[in-house]
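Data block below; observations after.
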Amino acid sequence: MATGQRSHIGRLGEIAQVAARHGFGYLIDGRRRDDAVDGGPTARGRHLREMLDELGPTFVKFGQLLSTRPDIVPPDIIAELRSLQDDVRPFPFEDVERVIREELGQPIERLFLEFDEVPLASASIGQVHRAILPNNRRVAVKVQRPNAPATIESDIQLLDQAARLVVERVRALDFVDTRELVDEFARSIRQELDYRLEARNAETFHHNFAGHPHVAVPRVYWSYTRVRVLTLEYLEGVQLADLELDAWPLEQRRRLAYLVADTWMTMIFRHGFFHGDPHPANILVLTPERIGLVDFGLAGRLTDRDLSKLTRLFIDAINENVEVLPKRLAELGVRYPREREQEFIAELHAVYARYYGASLREIDPMQVFREAFALIYRMNLRLPTRYVLLDKAIATVGSVGADLYPDFNVFEVARPYARSLMLERFTPQRVLRRANREAWQLANIARELPYQLHDTLEQVRDGQIEVGFVHKGLDEFMHKLDVLANRLVIALIVTGGLIGSSLIGIFSTAGPQIFGVNAISVVGFIVSGVLGMWLLWGVVRSGRL
């Protein structure tokens with residue numbers, strides 16, 4: 001047995017032991033899911049979070065992915081998984097030096113005037129060090145772990161095997177394609193291995209907030225950035241997660257909460273490009289009136305068409321046009337079982353009934369998000385990734401704001417942006433621009449139509465297109481037709497037998513006779529008579545005389 005296979009088997013054994021220790025032994029011994037976790041549903045999220053945390057960084061990141069999938073993960077588990085932190089032990093400085101030398105082509109002492117050996121932060125893929133460039137600019141250098149790609153690929157293989165195990169053992173999760181979920185995670189984390197993607201995101205945010213008086217985004221130093229090294233401007237501030245809130249006046253905390261929310265609403269409704277993880281550790285407080293953003297690995301993008309569809313959804317939602325909301329959601333790419341559409345509408349009516357007559361200030365945004373997640377899970381809705389990321393970002397901003405200021409309401413911040421967006425959507429210039437774009441699209445369709453028709457006819461001619469018909473009620477008709485045909489055949493046989501027997505009896509003088517009639521003719525009369533009586537009995541029994 002190869003060393004790699006032995007290590008995989010050993011790691012799988014370790015995963016099984018950790019799973020059993022945290023109450024997920026049903027994956028191994030086949031127990032019912034309801035009896036598997038001690039403490040019932042209220043404790044299962046905590047057990048899962050603790051298990052993933054113990055299994056290591058890749059599994060922590062997988063848990064973070066699960067926290068963005070309210071379509072397959074219950075709300076109580078999502079709430080627990082969102083507290084997972086990608087924080088691991090730093091790797092040796094010798095490895096940092098080696099990675100920088102391999103990526104940038106020169107040793108650290110030639111590239112930087114100063115380079116702190118102690119990292120500012122450490123995560124599963126890399127860690128961040130403070131440094132000073134030859135031009136005296138202070139920078140934050142993110143360096144990837146030397147063995148990160150190999151470790152991640154190994155863990156992805158283990159997750160794939162675990163997904164197979166879930167498919168085989170956990171019937172309660174038949175509605176989840178766990179293999180597809182692992183594939184989605186693999187694509188996501190492999191992208192994070194290329195720091196140039198994060199650098200491009202950072203550059204876009206830096207451009208969008210250039211000159212903003214209250215928001216700072218670090219600039220990218222491209223000459224010091226490669227696949228495994230990312231160099232950004234250093235922002236001097238305190239992480240929002242480390243802020244001593246008791247030392248801040250309530251009014252300052254309120255302004256800070258609304259500043260954070262306003263920043264994300266600007267990204268979503270103005271730029272169409274938003275930071276996907278507004279976690280308190282990714283927000284720096286530079287001054288009481290200014291914040292800085294870091295960690296740009298996760299970003300969401302909304303096109304002009306996405307915003308138009310969201311606007312239509314918002315208009316119907318505030319006008320309580322519940323009946324058309326499933327259609328609006330379908331336009332956004334939300335998938336749900338069509339046979340459950342009426343149940344979906346009934347659930348939406350129930351949500352509206354709970355908040356009917358309440359002002360925006362009286363509504364708890366986090367409760368609304370919890371109900372939305374519960375509905376998504378109950379109806380097994382499938383959301384496009386960009387909207388799941390948007391929902392997660394708004395929910396996280398709402399939670400961060402509520403931690404800073406108890407009376408914070410993220411909907412109050414979003415409302416003027418949404419109203420402004422609605423007005424902008426229907427200005428004459430925007431309407432004319434959309435009409436022009438759609439006219440071009442229709443013109444292209446009309447131009448392509450003859451060619452598409454020609455291609456279709458060629459496929460029909462070559463037998464490449466098969467047409468299938470689905471009929472209803474045709475089986476019974478075919479059965480009756482078969483009976484009629486059989487009776488007609490028997491009637492013809494009877495008629496032919498009688499005529500043939502009569503001719504034989506008249507013209508045949510040789511051969512055996514019965515009562516002076518040819519024996520063959522007598523047999524023919526008897527057979528024809530029996531068949532005729534059987535046919536008559538069938539007609540009488542059918543009641544169709």
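For the structure tokens, the naming scheme is as follows: chains receive sequential letters (A, B, ...) according to their order of presentation, residues are indexed from 1 within each chain, and ligands are indexed from 1 in presentation order.
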task: Go through region 213-279 of chain A and collect every residue that DSSP, computed from the backbone, puts in strand (DSSP E); the answer should be as a list in words.
output: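 Everything in region 213-279 of chain A that counts as strand (DSSP E) is Val215, Ala216, Val229, Leu230, Thr231, Leu232, Glu233, Val238, Gln239, Phe273, Phe274 and His275 of chain A.
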Kindly save the residues from that selection, with N, CA, C and O atoms included, as a compact mmCIF listing (two decimals), in the first residue's frame.
# COMPACT_ATOMS: atom_id res chain seq x y z
N VAL A 215 -14.22 56.01 4.17
CA VAL A 215 -13.88 54.62 3.88
C VAL A 215 -12.51 54.57 3.21
O VAL A 215 -12.27 55.29 2.22
N ALA A 216 -11.63 53.73 3.72
CA ALA A 216 -10.30 53.56 3.14
C ALA A 216 -10.12 52.11 2.68
O ALA A 216 -10.46 51.17 3.41
N VAL A 229 2.10 35.66 -3.15
CA VAL A 229 2.45 36.82 -2.33
C VAL A 229 1.56 37.99 -2.74
O VAL A 229 1.43 38.29 -3.93
N LEU A 230 0.93 38.63 -1.76
CA LEU A 230 0.09 39.79 -1.99
C LEU A 230 0.56 40.93 -1.10
O LEU A 230 0.67 40.77 0.12
N THR A 231 0.83 42.08 -1.70
CA THR A 231 1.32 43.23 -0.94
C THR A 231 0.33 44.38 -1.07
O THR A 231 0.06 44.85 -2.19
N LEU A 232 -0.20 44.82 0.06
CA LEU A 232 -1.18 45.90 0.10
C LEU A 232 -0.69 47.01 1.01
O LEU A 232 0.14 46.79 1.91
N GLU A 233 -1.22 48.19 0.78
CA GLU A 233 -0.96 49.31 1.68
C GLU A 233 -1.40 48.95 3.10
O GLU A 233 -2.44 48.32 3.30
N VAL A 238 -7.82 49.52 14.42
CA VAL A 238 -8.21 48.44 15.32
C VAL A 238 -9.32 47.64 14.67
O VAL A 238 -10.27 48.22 14.12
N GLN A 239 -9.17 46.32 14.70
CA GLN A 239 -10.25 45.49 14.17
C GLN A 239 -11.54 45.75 14.93
O GLN A 239 -11.54 45.91 16.15
N PHE A 273 -20.69 45.84 -6.86
CA PHE A 273 -19.54 44.99 -6.53
C PHE A 273 -19.30 45.14 -5.03
O PHE A 273 -19.01 46.23 -4.55
N PHE A 274 -19.48 44.04 -4.30
CA PHE A 274 -19.49 44.17 -2.85
C PHE A 274 -18.57 43.15 -2.17
O PHE A 274 -18.34 42.05 -2.69
N HIS A 275 -18.04 43.56 -1.04
CA HIS A 275 -17.22 42.71 -0.18
C HIS A 275 -18.13 41.61 0.37
O HIS A 275 -19.16 41.87 0.99
Spatial neighbours of region 48-59 of chain A, max dist 8 Å, only C-alpha atoms, sep filter under 4 positions, as a list in words: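 Counting only C-alpha atoms, the residues come to Ile15, Val18, Ala19, His22, Arg44, Gly63, Ile77, Glu80, Leu81, Leu84, Asp86, Asp87, Val88, Ala123, Ser124, Ile152 and Asp155 of chain A.
When CA of Ala121 (chain A) is paired with CA of Ala79 (chain A), their separation reads 24.4 Å.
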- prompt: In Å, how far is it from CA of Leu111 (chain A) to CA of Leu293 (chain A)?
  reply: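 These atoms are spaced 25.4 Å apart.
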query: Which distance in Å separates CA of Leu381 (chain A) and CA of Thr178 (chain A), to one decimal?
result: 15.9 Å
Kindly assemble as JSON lines a list of the region 72-120 of chain A residues that lie within 12 Å of region 180-204 of chain A, each paired with its nearest atom pair and their distance in Å to one decimal, using only C-alpha atoms, sorted first by chain and then by ascending residue number.
{"residue": "A:Ile72", "atom": "CA", "partner": "A:Leu181", "partner_atom": "CA", "distance": 10.0}
{"residue": "A:Val73", "atom": "CA", "partner": "A:Leu181", "partner_atom": "CA", "distance": 11.7}
{"residue": "A:Glu103", "atom": "CA", "partner": "A:Tyr195", "partner_atom": "CA", "distance": 11.6}
query: For Leu104 (chain A), which residue among A:Val143, A:Ala150, A:Gly23, A:Gly211 is the nearest when counting only C-alpha atoms?
result: A:Val143
- request: Write out as a PyMOL selection string which residues come within 12 Å of Pro326 (chain A) when counting only C-alpha atoms, dropping same-chain ones fewer than 2 positions away.
  value: chain A and resi 313+316-317+321-324+328-338+340-349+379+381
DSSP alpha helix (DSSP H) residues within region 94-186 of chain A, as a ChimeraX atom specification: /A:94-104,108-111,148-169,178-186
